[in-house]
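Encoded as structure tokens, the structure appears first; notes follow it.
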Amino acid sequence: MVDQKKLAVIIGTNKGIGFELCKQYIEKGYDVIATCRQSNTALEQLECDVIEGIDVSAQPSVELIKSKIKHERIDVLIHNAGILESDQISTIDFESMRQQFEINSLGPLRTILSLEAKLGKGSKVGIVSSRVGSIDDNDSSNNYGYRVSKAAVNMIGKCLSIDMAPKEVAIALLHPGYVRTDMTQMRGLIDADESAAGLIARMDELSMETTGIFIHTNGEILPW
Ligand SMILES: NC(=O)c1ccc[n+]([C@@H]2O[C@H](COP(=O)([O-])OP(=O)(O)OC[C@H]3O[C@@H](n4cnc5c(N)ncnc54)[C@H](OP(=O)(O)O)[C@@H]3O)[C@@H](O)[C@H]2O)c1
């Protein structure tokens with residue numbers, strides 16, 4: 001018999017926004033499964049199940065997640081893992097672009113597809129994208145690889161929202177804000193706890209009426 005508590009599975013959790021998502025879903029009373037490439041003391045101290053050795057750019061690694069989840073159903077799945085490798089027109093590196101596409105775009109698609117059998121009516125999926133993946137919002141250029149990878153994952157999420165609608169699985173593309181984490185060298189406008197609290201509120205609000213939205217942690221609907 002499966003635990004009656006709701007289950008949240010968070011992908012990419014050893015620091016930053018993903019760690020805070022785990023912490024706050026635990027505080028909300030969820031069972032939490034946290035996947036990461038490499039765990040650490042802080043993550044081990046949370047009351048959650050940690051699945052280590054999960055690299056979202058590697059198919060066999062991602063398939064391990066499903067085999068380790070005993071619950072029949074996932075209530076909330078958030079793909080948070082991502083990388084940023086800065087570039088500008090004079091420094092574009094195609095291998096770096098490929099790597100960002102592999103992790104930031106194909107990573108979410110890979111994890112969601114591999115866990116699809118555990119998603120059913122009422123399940124919610126969040127993909128942590130970025131506002132810089134918005135074509136309409138781009139007025140500063142730079143970061144070609146990162147921008148392209150996030151624009152691509154927005155399209156992937158939108159397609160999934162349509163394909164998974166018959167199963168009544170809702171999907172959101174989430175912008176976490178400009179957050180002080182390792183990714184931003186601790187620059188930003190908000191801390192990871194505030195970002196995660198907003199993302200969880202957005203996931204709580206998500207429904208089949210709003211599936212496929214691209215939304216800021218503060219609730220602002222973002223242009224594509
Ligand atoms: N911070 C911001 O202002 C901001 C703004 C917009 C969007 N975002 C997005 O928010 C998400 C979280 O970023 P963050 O700011 O919290 O950055 P972060 O502190 O650098 O955390 C990134 C997380 O992703 C994991 N990760 C990276 N590559 C991975 C891979 N191949 N497989 C599995 N996990 C991997 C990292 O684990 P390792 O330690 O193993 O590398 C880490 O746990 C990312 O998707 C990012 O693009 C952040």
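The way I read the labels, and the way they are meant: chains A, B, ... in the order of the structure tokens, residue 1 as the first residue of every chain, and ligand 1 as the first ligand shown, with later ones counted on from there.
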
To check your reading of the model: which residues sit at most 6 Å from ligand 1 when counting only C-alpha atoms and all ligand atoms? Write the answer as a compact mmCIF listing (two decimals) with C-alpha atoms, in the first residue's frame.
```txt
# COMPACT_ATOMS: atom_id res chain seq x y z
CA GLY A 12 18.73 18.58 -9.57
CA THR A 13 18.71 19.21 -5.83
CA ASN A 14 22.13 19.45 -4.19
CA LYS A 15 22.10 23.27 -4.02
CA GLY A 16 20.37 26.46 -5.10
CA ILE A 17 16.72 26.50 -6.08
CA GLY A 18 16.37 22.70 -6.29
CA CYS A 36 21.21 14.70 -7.96
CA ARG A 37 24.53 13.86 -9.53
CA GLN A 38 26.28 14.03 -6.19
CA ILE A 54 21.50 11.02 -11.80
CA ASP A 55 22.95 13.00 -14.70
CA VAL A 56 20.05 14.31 -16.79
CA SER A 57 22.19 14.31 -19.92
CA ASN A 80 15.18 22.01 -11.97
CA ALA A 81 18.65 20.84 -13.11
CA GLY A 82 20.36 23.19 -15.51
CA ILE A 83 23.64 24.83 -16.49
CA ILE A 103 21.07 19.30 -20.18
CA VAL A 128 12.49 25.33 -14.52
CA SER A 129 13.16 27.33 -17.66
CA SER A 130 14.23 30.97 -17.76
CA HIS A 175 10.99 31.27 -14.46
CA PRO A 176 12.49 31.33 -10.95
CA GLY A 177 13.40 35.04 -10.98
CA TYR A 178 16.96 36.41 -10.88
CA VAL A 179 18.18 34.32 -7.98
CA ARG A 180 21.36 34.46 -5.89
CA THR A 181 22.85 30.99 -6.52
CA ASP A 182 26.12 29.48 -7.76
CA MET A 183 24.77 29.90 -11.31
CA THR A 184 24.68 33.68 -10.94
```

Show me, as a ChimeraX atom specification, the residues that have an atom within 9 Å of A:Ile10 when counting only C-alpha atoms, minus same-chain residues fewer than 4 positions from it. /A:18-19,21-22,32-36,76-81

Please identify the alpha helix (DSSP H) residues within stretch 3-194 of chain A (assignment by DSSP from backbone atoms) and present them as JSON, numbers by chain. {"A": [16, 17, 18, 19, 20, 21, 22, 23, 24, 25, 26, 27, 41, 42, 43, 44, 45, 59, 60, 61, 62, 63, 64, 65, 66, 67, 68, 94, 95, 96, 97, 98, 99, 100, 107, 108, 109, 110, 111, 112, 113, 114, 144, 145, 146, 147, 148, 149, 150, 151, 152, 153, 154, 155, 156, 157, 158, 159, 160, 161, 162, 163, 192, 193, 194]}

Which residues are near A:Ile92? Cut-off 9 Å, only C-alpha atoms, ignore same chain within fewer than 3 positions. Put them as JSON, numbers by chain. {"A": [86, 87, 88, 89, 96, 97, 143, 144, 145]}

One number please: atom CA of A:Leu206 to atom CA of A:Asp193, in Å, one decimal. 20.0 Å

Report the distance between atom CA of A:Asn218 and atom CA of A:Ala170 in Å, rounded to one decimal place.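 These two atoms are separated by 19.1 Å.
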
The residue from A:Ser140, A:Gln4, A:Gln59, A:Asn154 with the smallest atom-to-atom distance to A:Ser114, counting only C-alpha atoms, is A:Gln59

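Non-sequential neighbours of A:Leu109 (distance at most 8 Å, separation of 4 or more positions within a chain, only C-alpha atoms) are Ser105, Leu113 and Ile156 of chain A.
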
Suppose we keep N, CA and C atoms; can you now write the selection as a JSON list (two decimals), in the first residue's frame?
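Heads up, here's the output in part-v8.json:
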```json
[["chain", "number", "residue", "atom", "x", "y", "z"],
["A", 105, "SER", "N", 17.55, 21.32, -22.28],
["A", 105, "SER", "CA", 16.38, 21.08, -23.14],
["A", 105, "SER", "C", 16.02, 19.59, -23.16],
["A", 113, "LEU", "N", 9.60, 12.01, -19.90],
["A", 113, "LEU", "CA", 9.18, 10.82, -20.65],
["A", 113, "LEU", "C", 9.47, 9.55, -19.87],
["A", 156, "ILE", "N", 9.36, 22.49, -25.91],
["A", 156, "ILE", "CA", 9.16, 21.10, -25.46],
["A", 156, "ILE", "C", 8.03, 21.05, -24.42]]
```

Quick check for you: according to DSSP on this backbone, which residues of stretch 15-148 of chain A are classed as strand (DSSP E)? Reply as an mmCIF file with N, CA and C atoms, in the first residue's frame.
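Final output, out.cif:
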```cif
data_model
loop_
_atom_site.group_PDB
_atom_site.id
_atom_site.type_symbol
_atom_site.label_atom_id
_atom_site.label_comp_id
_atom_site.auth_asym_id
_atom_site.auth_seq_id
_atom_site.Cartn_x
_atom_site.Cartn_y
_atom_site.Cartn_z
ATOM 1 N N ASP A 31 5.946 13.733 0.719
ATOM 2 C CA ASP A 31 7.098 12.850 0.564
ATOM 3 C C ASP A 31 7.918 13.449 -0.571
ATOM 4 N N VAL A 32 9.227 13.516 -0.389
ATOM 5 C CA VAL A 32 10.067 14.114 -1.429
ATOM 6 C C VAL A 32 11.153 13.137 -1.854
ATOM 7 N N ILE A 33 11.289 12.989 -3.157
ATOM 8 C CA ILE A 33 12.416 12.244 -3.719
ATOM 9 C C ILE A 33 13.275 13.263 -4.461
ATOM 10 N N ALA A 34 14.537 13.334 -4.044
ATOM 11 C CA ALA A 34 15.468 14.328 -4.582
ATOM 12 C C ALA A 34 16.519 13.608 -5.411
ATOM 13 N N THR A 35 16.633 13.960 -6.694
ATOM 14 C CA THR A 35 17.704 13.350 -7.486
ATOM 15 C C THR A 35 18.833 14.358 -7.673
ATOM 16 N N ASP A 49 14.088 11.157 0.380
ATOM 17 C CA ASP A 49 14.882 10.093 -0.229
ATOM 18 C C ASP A 49 15.755 10.719 -1.301
ATOM 19 N N VAL A 50 17.032 10.458 -1.228
ATOM 20 C CA VAL A 50 17.959 11.023 -2.207
ATOM 21 C C VAL A 50 18.377 9.921 -3.184
ATOM 22 N N ILE A 51 18.223 10.197 -4.464
ATOM 23 C CA ILE A 51 18.735 9.274 -5.480
ATOM 24 C C ILE A 51 19.947 9.946 -6.120
ATOM 25 N N VAL A 76 3.778 15.725 -7.974
ATOM 26 C CA VAL A 76 4.499 16.895 -8.497
ATOM 27 C C VAL A 76 5.877 16.451 -8.961
ATOM 28 N N LEU A 77 6.205 16.777 -10.200
ATOM 29 C CA LEU A 77 7.539 16.506 -10.741
ATOM 30 C C LEU A 77 8.120 17.840 -11.201
ATOM 31 N N ILE A 78 9.256 18.219 -10.641
ATOM 32 C CA ILE A 78 9.895 19.468 -11.088
ATOM 33 C C ILE A 78 11.299 19.170 -11.587
ATOM 34 N N HIS A 79 11.516 19.485 -12.851
ATOM 35 C CA HIS A 79 12.864 19.368 -13.411
ATOM 36 C C HIS A 79 13.539 20.722 -13.229
ATOM 37 N N LYS A 124 1.167 17.130 -11.659
ATOM 38 C CA LYS A 124 1.642 18.417 -12.180
ATOM 39 C C LYS A 124 3.138 18.335 -12.451
ATOM 40 N N VAL A 125 3.548 18.917 -13.582
ATOM 41 C CA VAL A 125 4.968 18.902 -13.961
ATOM 42 C C VAL A 125 5.439 20.348 -14.129
ATOM 43 N N GLY A 126 6.549 20.681 -13.469
ATOM 44 C CA GLY A 126 7.158 21.997 -13.642
ATOM 45 C C GLY A 126 8.530 21.839 -14.279
ATOM 46 N N ILE A 127 8.793 22.659 -15.273
ATOM 47 C CA ILE A 127 10.127 22.684 -15.879
ATOM 48 C C ILE A 127 10.718 24.044 -15.548
ATOM 49 N N VAL A 128 11.856 24.048 -14.825
ATOM 50 C CA VAL A 128 12.486 25.330 -14.523
ATOM 51 C C VAL A 128 13.223 25.782 -15.782
#
```

Would you list the contacts of A:Asn104 as an NGL selection string, taking every protein, DNA or RNA residue within 6 Å and counting only C-alpha atoms, but skipping same-chain residues closer than 2 positions in sequence? :A and (82 or 100-101 or 107 or 149)

Okay, now the selection with C-alpha atoms, as a tab-separated table (two decimals), in the first residue's frame?
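Once written, again.tsv looks like this:
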```
chain	number	residue	atom	x	y	z
A	82	GLY	CA	20.36	23.19	-15.51
A	100	GLN	CA	23.50	23.22	-22.69
A	101	PHE	CA	20.90	21.87	-25.12
A	107	GLY	CA	17.23	16.73	-19.88
A	149	SER	CA	18.42	25.85	-24.69
```
